[in-house]
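Notes to accompany the following structure.
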Amino acid sequence: MKELSTRYDPQENEEKIYDQWVKEKLFHADETLDGETYCIVIPPPNVTGVLHMGHALNNTIQDVLIRWKRMQGFNTLWMPGTDHAGIATQNVVERELAKSKVKRTELGREKFLEKVWDWKEEYGSTIIRQLKRLGCSCDWDRTRFTMDEGLSTAVKEVFVRLYQDGLLYKGDYIINWCPRCSTALSDEEAEHRDVEGRLYYIKYPVKDREKLEIENEDYVVVATTRPETMLGDVAVAVNPKDPRYTSLAGKTLMLPLLKRELKLIFDEDVDPEFGTGALKVTPAHDPVDFKLGVKHDLERVNVMEPDGTINSLGGDYEGMDRFECRETIIEDLKQRGFFIKSEEHLHAVGHCYRCHTVVEPRLSKQWFVKMKPLAEDAIKEVKKNNIKFHPGRWTKVYLNWMENIRDWCISRQIWWGHRIPVWYCKDCLDYVDVRDVDIHETGKKGIYVGAGKPDKCSACGGNNMEQDPDVLDTWFSSWLWPFSTLGWPEKTETLKKFYSTDALVTAPEIIFFWVARMIMSGLKFQNKIPFKDVYIHGTVRDASGTKMSKSLGNVIDPLDIIKEVGSDALRFSIIYITSQGQDVFLSKDKFEIGRNFANKVWNASRYVLITLGKDFTPGKIDPGDLTLADKWILDQFNRTVKTVQKSLETYKFNDAAGELYDFIWHKYCDWYLETSKLAENRVVVQNVLFKVLAGSLKLLHPFMPFITEEIWQRIPDEENKWIMISSWPNSDKTYDNQKASEDMEKIIGLITSVRNVRSFWNINESVDVVVNAGNVENKELILSNTKLIERLAKCKVRSVGEKVSRPDQSVASLVKGIRIFIPLGDTVDIEKEKTRVDKKIEGLKKHLDGIDRKLKNEGFLKKAPEEVVAKEKEKIKRFEDQLRTLEDNLNTLG
RNA sequence: GGGCGAGUAGCUCAGCUGGUUUAGAGCACCUGCCUUACAAGCAGGGGGUCACAGGUUCGAAUCCUGUCUCGCCCACCA
């Protein structure tokens, strides 16, 4: 046994220990083993990512779970990996290239992709390295990446199957378009934020048969927040019941500036209350207008280029950026007298979740997945409770979204990602731009959907085939993660063994993106739910409640914290302060909790090791030899084992951490270690010290893996060299001892009471104590623990009796029916003593009143359980007794 | 517009399937201690009408209703 250094240095120890675990292959999961499995797949961080506090929280929770299960003897697998984050990664590499003034388009698709792969090889494992530094016990040999061959095969397989099942289609719809990334986004990828915009009121003249230039005498006023889209207007819509416009039936309007003719249509969906009750209709640039367009068979005039500039249909405005165009159009309208006014208008505007550019709703041909059929089973499984959300309130959020699910736009106009496995025969399908090929039904001539390029077109025999240029949404590979990482579509042993997985730990913002879709894909392609429990933890925010993000610059870098206080301290702190599912408000000082606790654990262990000495080997404990304190700490340890277990089972990680903190610090260290210093039977106390320390370290290991392992390496090797794979403690019934705990509480109360008196009277030296124990049992208890009391309270117990009368000039305290008198001689300041006692009396009276009322209450006596009533009666006796003594105390004094 | 979460000590938060908690913790504060495991510590202490108003109940921080404040999520009101 080696002694521990006087100060624990996480920097030195943590990496060293991690390397040892890796070397011993302790993270390795083995599918050939029997036994109950426990599997978690990591929510794949984005390859461009660096570890932030959200990751730290997320992965610490998973590591706690997996280490706990591993110690319980489960065959555990924690499956790690990263996703390719199509848009984000492409953006990063584009920026890199921009530094040397190279554009992606100049390089061409293949060369560019080579660059991205190069980048990924060089920087893509940063986050993995950081997760290791956090202590994550993933089976790193299995690390997967969504663009790996196996996972790409899974993606293609799924695409083909969805197509064959009629769940895929391609067509023109309004989608969210990011002009900066130049790609479509799904509804979930457009983040809606309230923006203070303007609502512009514009005159749309009623057409005069004679002349095009109207002198404003007859017009309809429309209100719009995006005036530039008027270039694509084809109609104006009003509510048929709106009396202001009924007279206009049959008329035609003129679009100002472009002088295009606009139909006037009547539709119930137009809200007469909003703006002027007249809505300009732009089917190619607005989802509502698009619907109106379909309903009323309107032309779709798309006036915008992919980069957000106006195209040739926009007349003089061609080439202008959309926002520049907005300004210009307003100016022009003002000049020509079509502009009426604008007013402030707060509305939700979509922003690209990758670059935060304002998203443009825009008509575009894209691939979609029909979601309704997939959602059905996914709804059922959750309703049947086969998949449980923790905390449960997320169930409603999930169901609400699923029940209103919309089709998923999965094509992206970027290069980095899984290319859509569809080929078009140029000869059969007469097209100019391959993107324009429309597919509404499967089996259309000249279209091939499959894992690879077909040799020739089965329709015409030619081989003039072109692959769809677009790639798939990154989430289209992530949604397969729970089984694609396990080997699917191969029928692997790993898949058989570990699917369904057990728990998924993730953040709320990802429920729709990922969790819901995984449930759908799992049911569709495995006929089995992907996981049983979904634990949703809170969002990490800064002290002011703002979400931590790099762009806001309010991040606390986990690696900085690790450098300062160590990974254990970081892990423990963040778990300790995060109550189930609540958001976390972080500031740097929060990490002192973990740092101080780690220090405490280290020092306590150091003390124990010193006490055990070099030659200690754990031996059997004879219950007959145990002192009260021994019995107490063993009982308390049992309780801790149970509560920690329960807390972990119910995903209440903070409760588990809190319980351990309290037990180790305030029970084991503050009391037991102190009592152990006066133990007569060294062998017994050494064994108890050791037993409880070893058990506590095990319980603590999932939270603070490094320090517990480091200490474990120095203590007698009772079962396993590594705490990481040692057995999880069970509570040992032979040490359950309610009585000992109650008795010890009396002793602790007595000691605290004496300390209190000494402190209150500013007495440094030892005091004499006379105890009226009230009954034989208490008397015996006190007598057999006199030494403990005297030492820990710094006092001399002069006499103990069942009925001891109070010495002159003494102050009194009581605790649990035991009265304590401390003779202070004539130094007692009566007024001062009165303040001390008065406070206590006041509190007691208040409590007594409460109980008294309760006991006089017939309802209570009738309805409350007998136990409760009995306890209350007992209580009142005790408190009345105390009160009397205290009052007596005051009377005696003066 | 809909949904959710939160308002408890100076600060940050626990507690909320109603009755052993005279409402807890950490930090901060006050007092006394270098008691040889730990000053990142030890001992003691002060501090809260549990947002507000009703209701249910024998009994409410805890359940119900309403109000106010803050935060988040969802939604095609141009």
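FYI, nothing fancy with the structure tokens labels: chains A, B, ... in order, residues from 1 per chain, ligands from 1 as they appear.
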Taking only C-alpha atoms (C1' of nucleotides) into account and nothing else, which residues of chain B lie no more than 10 Å away from chain A? Please answer as JSON, numbers by chain.
{"B": [3, 4, 5, 6, 12, 13, 14, 19, 20, 22, 25, 26, 27, 31, 32, 33, 35, 37, 38, 40, 41, 42, 43, 44, 45, 57, 58, 59, 71, 72, 73, 74, 75, 76, 77, 78]}
Among stretch 752-844 of chain A, which ones does DSSP place in strand (DSSP E or B), written as a PDB file with N, CA and C atoms, in the first residue's frame?
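Output contents, as saved in result_38.pdb:
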```pdb
ATOM      1  N   VAL A 767     -15.422  22.079  29.199  1.00  0.00           N
ATOM      2  CA  VAL A 767     -16.458  22.408  30.187  1.00  0.00           C
ATOM      3  C   VAL A 767     -16.939  21.127  30.863  1.00  0.00           C
ATOM      4  N   ASP A 768     -17.542  21.310  32.027  1.00  0.00           N
ATOM      5  CA  ASP A 768     -18.149  20.169  32.718  1.00  0.00           C
ATOM      6  C   ASP A 768     -19.583  20.008  32.232  1.00  0.00           C
ATOM      7  N   VAL A 769     -20.011  18.756  32.193  1.00  0.00           N
ATOM      8  CA  VAL A 769     -21.356  18.496  31.714  1.00  0.00           C
ATOM      9  C   VAL A 769     -22.073  17.555  32.672  1.00  0.00           C
ATOM     10  N   VAL A 770     -23.307  17.904  32.983  1.00  0.00           N
ATOM     11  CA  VAL A 770     -24.144  17.018  33.799  1.00  0.00           C
ATOM     12  C   VAL A 770     -25.353  16.654  32.945  1.00  0.00           C
ATOM     13  N   VAL A 771     -25.639  15.382  32.861  1.00  0.00           N
ATOM     14  CA  VAL A 771     -26.694  14.962  31.952  1.00  0.00           C
ATOM     15  C   VAL A 771     -27.851  14.308  32.687  1.00  0.00           C
ATOM     16  N   ASN A 772     -29.041  14.795  32.424  1.00  0.00           N
ATOM     17  CA  ASN A 772     -30.237  14.117  32.877  1.00  0.00           C
ATOM     18  C   ASN A 772     -30.775  13.328  31.693  1.00  0.00           C
ATOM     19  N   CYS A 795     -15.348  18.297  26.476  1.00  0.00           N
ATOM     20  CA  CYS A 795     -16.005  18.494  27.756  1.00  0.00           C
ATOM     21  C   CYS A 795     -15.669  17.329  28.682  1.00  0.00           C
ATOM     22  N   LYS A 796     -16.112  17.477  29.932  1.00  0.00           N
ATOM     23  CA  LYS A 796     -15.936  16.405  30.905  1.00  0.00           C
ATOM     24  C   LYS A 796     -17.321  16.047  31.418  1.00  0.00           C
ATOM     25  N   VAL A 797     -17.709  14.804  31.232  1.00  0.00           N
ATOM     26  CA  VAL A 797     -19.029  14.394  31.705  1.00  0.00           C
ATOM     27  C   VAL A 797     -18.926  14.072  33.188  1.00  0.00           C
ATOM     28  N   ARG A 798     -19.508  14.939  34.017  1.00  0.00           N
ATOM     29  CA  ARG A 798     -19.384  14.779  35.477  1.00  0.00           C
ATOM     30  C   ARG A 798     -20.341  13.744  36.016  1.00  0.00           C
ATOM     31  N   SER A 799     -21.575  13.788  35.558  1.00  0.00           N
ATOM     32  CA  SER A 799     -22.505  12.756  36.016  1.00  0.00           C
ATOM     33  C   SER A 799     -23.641  12.572  35.027  1.00  0.00           C
ATOM     34  N   VAL A 800     -24.120  11.346  34.985  1.00  0.00           N
ATOM     35  CA  VAL A 800     -25.242  11.019  34.112  1.00  0.00           C
ATOM     36  C   VAL A 800     -26.238  10.225  34.944  1.00  0.00           C
ATOM     37  N   GLY A 801     -27.476  10.615  34.897  1.00  0.00           N
ATOM     38  CA  GLY A 801     -28.474   9.856  35.650  1.00  0.00           C
ATOM     39  C   GLY A 801     -29.809   9.913  34.969  1.00  0.00           C
ATOM     40  N   SER A 810     -26.028  26.965  36.206  1.00  0.00           N
ATOM     41  CA  SER A 810     -25.690  26.228  34.990  1.00  0.00           C
ATOM     42  C   SER A 810     -26.631  26.637  33.858  1.00  0.00           C
ATOM     43  N   VAL A 811     -26.156  26.437  32.659  1.00  0.00           N
ATOM     44  CA  VAL A 811     -27.047  26.651  31.519  1.00  0.00           C
ATOM     45  C   VAL A 811     -27.494  25.279  31.027  1.00  0.00           C
ATOM     46  N   ALA A 812     -28.667  25.254  30.415  1.00  0.00           N
ATOM     47  CA  ALA A 812     -29.217  23.968  30.016  1.00  0.00           C
ATOM     48  C   ALA A 812     -29.524  23.920  28.527  1.00  0.00           C
ATOM     49  N   SER A 813     -29.426  22.711  27.999  1.00  0.00           N
ATOM     50  CA  SER A 813     -29.834  22.475  26.610  1.00  0.00           C
ATOM     51  C   SER A 813     -30.550  21.156  26.600  1.00  0.00           C
ATOM     52  N   LEU A 814     -31.328  20.903  25.579  1.00  0.00           N
ATOM     53  CA  LEU A 814     -31.818  19.551  25.463  1.00  0.00           C
ATOM     54  C   LEU A 814     -31.901  19.103  24.032  1.00  0.00           C
ATOM     55  N   VAL A 815     -31.782  17.805  23.938  1.00  0.00           N
ATOM     56  CA  VAL A 815     -31.836  17.232  22.624  1.00  0.00           C
ATOM     57  C   VAL A 815     -32.430  15.834  22.750  1.00  0.00           C
ATOM     58  N   ILE A 818     -33.028  14.394  26.147  1.00  0.00           N
ATOM     59  CA  ILE A 818     -31.897  14.392  27.067  1.00  0.00           C
ATOM     60  C   ILE A 818     -31.581  15.836  27.456  1.00  0.00           C
ATOM     61  N   ARG A 819     -31.477  16.037  28.767  1.00  0.00           N
ATOM     62  CA  ARG A 819     -31.169  17.399  29.220  1.00  0.00           C
ATOM     63  C   ARG A 819     -29.707  17.490  29.599  1.00  0.00           C
ATOM     64  N   ILE A 820     -29.119  18.570  29.177  1.00  0.00           N
ATOM     65  CA  ILE A 820     -27.701  18.750  29.427  1.00  0.00           C
ATOM     66  C   ILE A 820     -27.509  20.024  30.222  1.00  0.00           C
ATOM     67  N   PHE A 821     -26.795  19.881  31.325  1.00  0.00           N
ATOM     68  CA  PHE A 821     -26.521  21.072  32.134  1.00  0.00           C
ATOM     69  C   PHE A 821     -25.034  21.349  32.136  1.00  0.00           C
ATOM     70  N   ILE A 822     -24.709  22.580  31.939  1.00  0.00           N
ATOM     71  CA  ILE A 822     -23.306  22.956  31.983  1.00  0.00           C
ATOM     72  C   ILE A 822     -23.127  24.071  33.005  1.00  0.00           C
ATOM     73  N   PRO A 823     -22.530  23.730  34.138  1.00  0.00           N
ATOM     74  CA  PRO A 823     -22.334  24.742  35.185  1.00  0.00           C
ATOM     75  C   PRO A 823     -21.278  25.736  34.737  1.00  0.00           C
TER      76      PRO A 823
END
```
Nearby residues (only C-alpha atoms (C1' of nucleotides)) at most 9 Å from stretch 79-90 of chain A, same-chain spacing under 2 positions excluded, as a VMD selection string
chain A and resid 39 to 48 77 92 to 95 113 116 120 124 to 125 127 to 128 138 to 147 181 183 354 to 355 412 414 to 418 471 to 475 477 to 478 482 485 to 486
Residues as selected, C-alpha atoms, written as a short mmCIF file (atom, residue, chain, number, x, y, z; two decimals), in the first residue's frame, can you do that?
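Saved as result.cif:
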```cif
data_model
loop_
_atom_site.label_atom_id
_atom_site.label_comp_id
_atom_site.auth_asym_id
_atom_site.auth_seq_id
_atom_site.Cartn_x
_atom_site.Cartn_y
_atom_site.Cartn_z
CA CYS A 39 -26.21 -0.15 -24.69
CA ILE A 40 -26.16 3.58 -25.27
CA VAL A 41 -25.35 5.26 -28.54
CA ILE A 42 -23.75 8.63 -28.27
CA PRO A 43 -25.62 11.53 -29.81
CA PRO A 44 -23.04 12.03 -32.52
CA PRO A 45 -21.32 15.35 -32.18
CA ASN A 46 -20.65 17.23 -35.34
CA VAL A 47 -17.15 16.63 -36.74
CA THR A 48 -16.47 20.34 -36.87
CA LEU A 77 -21.58 -0.94 -24.97
CA VAL A 92 -15.85 25.44 -42.64
CA VAL A 93 -13.85 24.05 -45.53
CA GLU A 94 -15.11 26.77 -47.85
CA ARG A 95 -13.87 29.34 -45.39
CA LEU A 113 -14.65 16.64 -51.51
CA VAL A 116 -13.18 18.06 -47.04
CA LYS A 120 -11.88 15.70 -41.59
CA GLY A 124 -12.40 15.75 -37.28
CA SER A 125 -11.28 13.90 -34.20
CA ILE A 127 -14.10 16.31 -30.21
CA ILE A 128 -13.34 12.63 -29.75
CA CYS A 138 -16.87 4.62 -24.99
CA ASP A 139 -15.68 1.63 -26.95
CA TRP A 140 -13.50 3.81 -29.16
CA ASP A 141 -12.46 0.99 -31.44
CA ARG A 142 -15.98 1.05 -32.78
CA THR A 143 -16.05 4.77 -33.47
CA ARG A 144 -18.30 5.48 -36.42
CA PHE A 145 -18.73 8.38 -38.76
CA THR A 146 -21.91 8.94 -40.73
CA MET A 147 -19.94 8.98 -43.99
CA CYS A 181 -25.48 28.21 -47.94
CA THR A 183 -29.38 24.99 -50.20
CA ARG A 354 -26.06 26.86 -39.46
CA CYS A 355 -25.26 30.40 -40.58
CA ARG A 412 -29.57 19.56 -50.01
CA ILE A 414 -24.41 21.02 -51.32
CA TRP A 415 -21.63 18.55 -52.03
CA TRP A 416 -20.58 17.19 -48.65
CA GLY A 417 -22.89 14.36 -47.75
CA HIS A 418 -24.47 11.19 -49.06
CA VAL A 471 -26.92 15.17 -51.25
CA LEU A 472 -29.09 14.09 -48.35
CA ASP A 473 -29.80 15.94 -45.16
CA THR A 474 -27.27 14.94 -42.50
CA TRP A 475 -30.15 13.82 -40.30
CA SER A 477 -28.02 9.39 -41.86
CA SER A 478 -28.28 10.30 -38.18
CA PRO A 482 -28.87 3.29 -33.39
CA THR A 485 -23.55 1.96 -36.10
CA LEU A 486 -24.17 -1.60 -35.00
#
```
Could you tell me which of A:Gly54, A:Pro702, A:Gly150, A:Pro283 comes closest to A:Glu490 if we count only C-alpha atoms?
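Answer, going by the shortest atom-to-atom distance: A:Gly150.
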Excluding A:Arg198 and its own-chain neighbours fewer than 3 positions away, which residues fall within 6 Å of it when counting only C-alpha atoms (C1' of nucleotides)? Please give them as an mmCIF file with all heavy atoms, in the first residue's frame.
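Just written: part-v5.cif:
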```
data_model
loop_
_atom_site.group_PDB
_atom_site.id
_atom_site.type_symbol
_atom_site.label_atom_id
_atom_site.label_comp_id
_atom_site.auth_asym_id
_atom_site.auth_seq_id
_atom_site.Cartn_x
_atom_site.Cartn_y
_atom_site.Cartn_z
ATOM 1 N N THR A 225 -44.806 42.272 -45.637
ATOM 2 C CA THR A 225 -43.547 42.462 -44.913
ATOM 3 C C THR A 225 -42.360 42.257 -45.852
ATOM 4 O O THR A 225 -41.251 42.613 -45.517
ATOM 5 C CB THR A 225 -43.410 41.422 -43.766
ATOM 6 O OG1 THR A 225 -43.589 40.122 -44.316
ATOM 7 C CG2 THR A 225 -44.428 41.680 -42.686
ATOM 8 N N GLU A 343 -45.464 50.425 -41.106
ATOM 9 C CA GLU A 343 -45.499 50.475 -39.646
ATOM 10 C C GLU A 343 -44.663 49.347 -39.059
ATOM 11 O O GLU A 343 -44.381 48.352 -39.732
ATOM 12 C CB GLU A 343 -46.941 50.407 -39.135
ATOM 13 C CG GLU A 343 -47.762 49.272 -39.710
ATOM 14 C CD GLU A 343 -49.251 49.431 -39.385
ATOM 15 O OE1 GLU A 343 -49.755 50.583 -39.401
ATOM 16 O OE2 GLU A 343 -49.880 48.408 -39.107
ATOM 17 N N GLU A 344 -44.289 49.546 -37.802
ATOM 18 C CA GLU A 344 -43.491 48.517 -37.141
ATOM 19 C C GLU A 344 -44.298 47.230 -37.032
ATOM 20 O O GLU A 344 -45.499 47.261 -36.793
ATOM 21 C CB GLU A 344 -43.094 48.988 -35.738
ATOM 22 C CG GLU A 344 -41.938 49.943 -35.772
ATOM 23 C CD GLU A 344 -41.487 50.339 -34.378
ATOM 24 O OE1 GLU A 344 -42.036 49.794 -33.397
ATOM 25 O OE2 GLU A 344 -40.589 51.198 -34.290
ATOM 26 N N HIS A 345 -43.616 46.127 -37.180
ATOM 27 C CA HIS A 345 -44.332 44.862 -37.180
ATOM 28 C C HIS A 345 -43.424 43.744 -36.675
ATOM 29 O O HIS A 345 -42.414 43.430 -37.276
ATOM 30 C CB HIS A 345 -44.800 44.554 -38.606
ATOM 31 C CG HIS A 345 -45.594 43.281 -38.711
ATOM 32 N ND1 HIS A 345 -46.827 43.153 -38.115
ATOM 33 C CD2 HIS A 345 -45.325 42.116 -39.321
ATOM 34 C CE1 HIS A 345 -47.286 41.936 -38.362
ATOM 35 N NE2 HIS A 345 -46.387 41.290 -39.091
#
```
Mind giving me the straight-line distance from atom CA of A:Thr786 to atom CA of A:Glu680 in Å, one decimal?
13.3 Å
For B:U65, find every residue with an atom within 12 Å (counting only C-alpha atoms (C1' of nucleotides)), except residues of its own chain fewer than 6 positions away, and show them as a list in words.
A53, G54, G55 and U56 of chain B
Which neighbours of stretch 634-647 of chain A fall inside 9 Å, counting only C-alpha atoms (C1' of nucleotides), when residues of the same chain fewer than 6 positions from it are skipped, and could you give them as an MDAnalysis selection string?
chainID A and resid 653:657 659:660 663 667:668 688 691:692 695:696 699 729:733 735:738 740:741
Skipping near chain neighbours, those fewer than 2 positions away, what residues fall within 8 Å of A:Lys156 using only C-alpha atoms (C1' of nucleotides), listed as a ChimeraX atom specification?
/A:152-154,158-160,420-421,450-451
Which residue, B:A51, B:A61, B:C29, B:A39, has the smallest gap to B:C16 when you use only C-alpha atoms (C1' of nucleotides)?
B:A61
If you run DSSP on the backbone, which residues of stretch 118-191 of chain A are alpha helix (DSSP H), as an NGL selection string?
:A and (118-123 or 126-134 or 149-164)
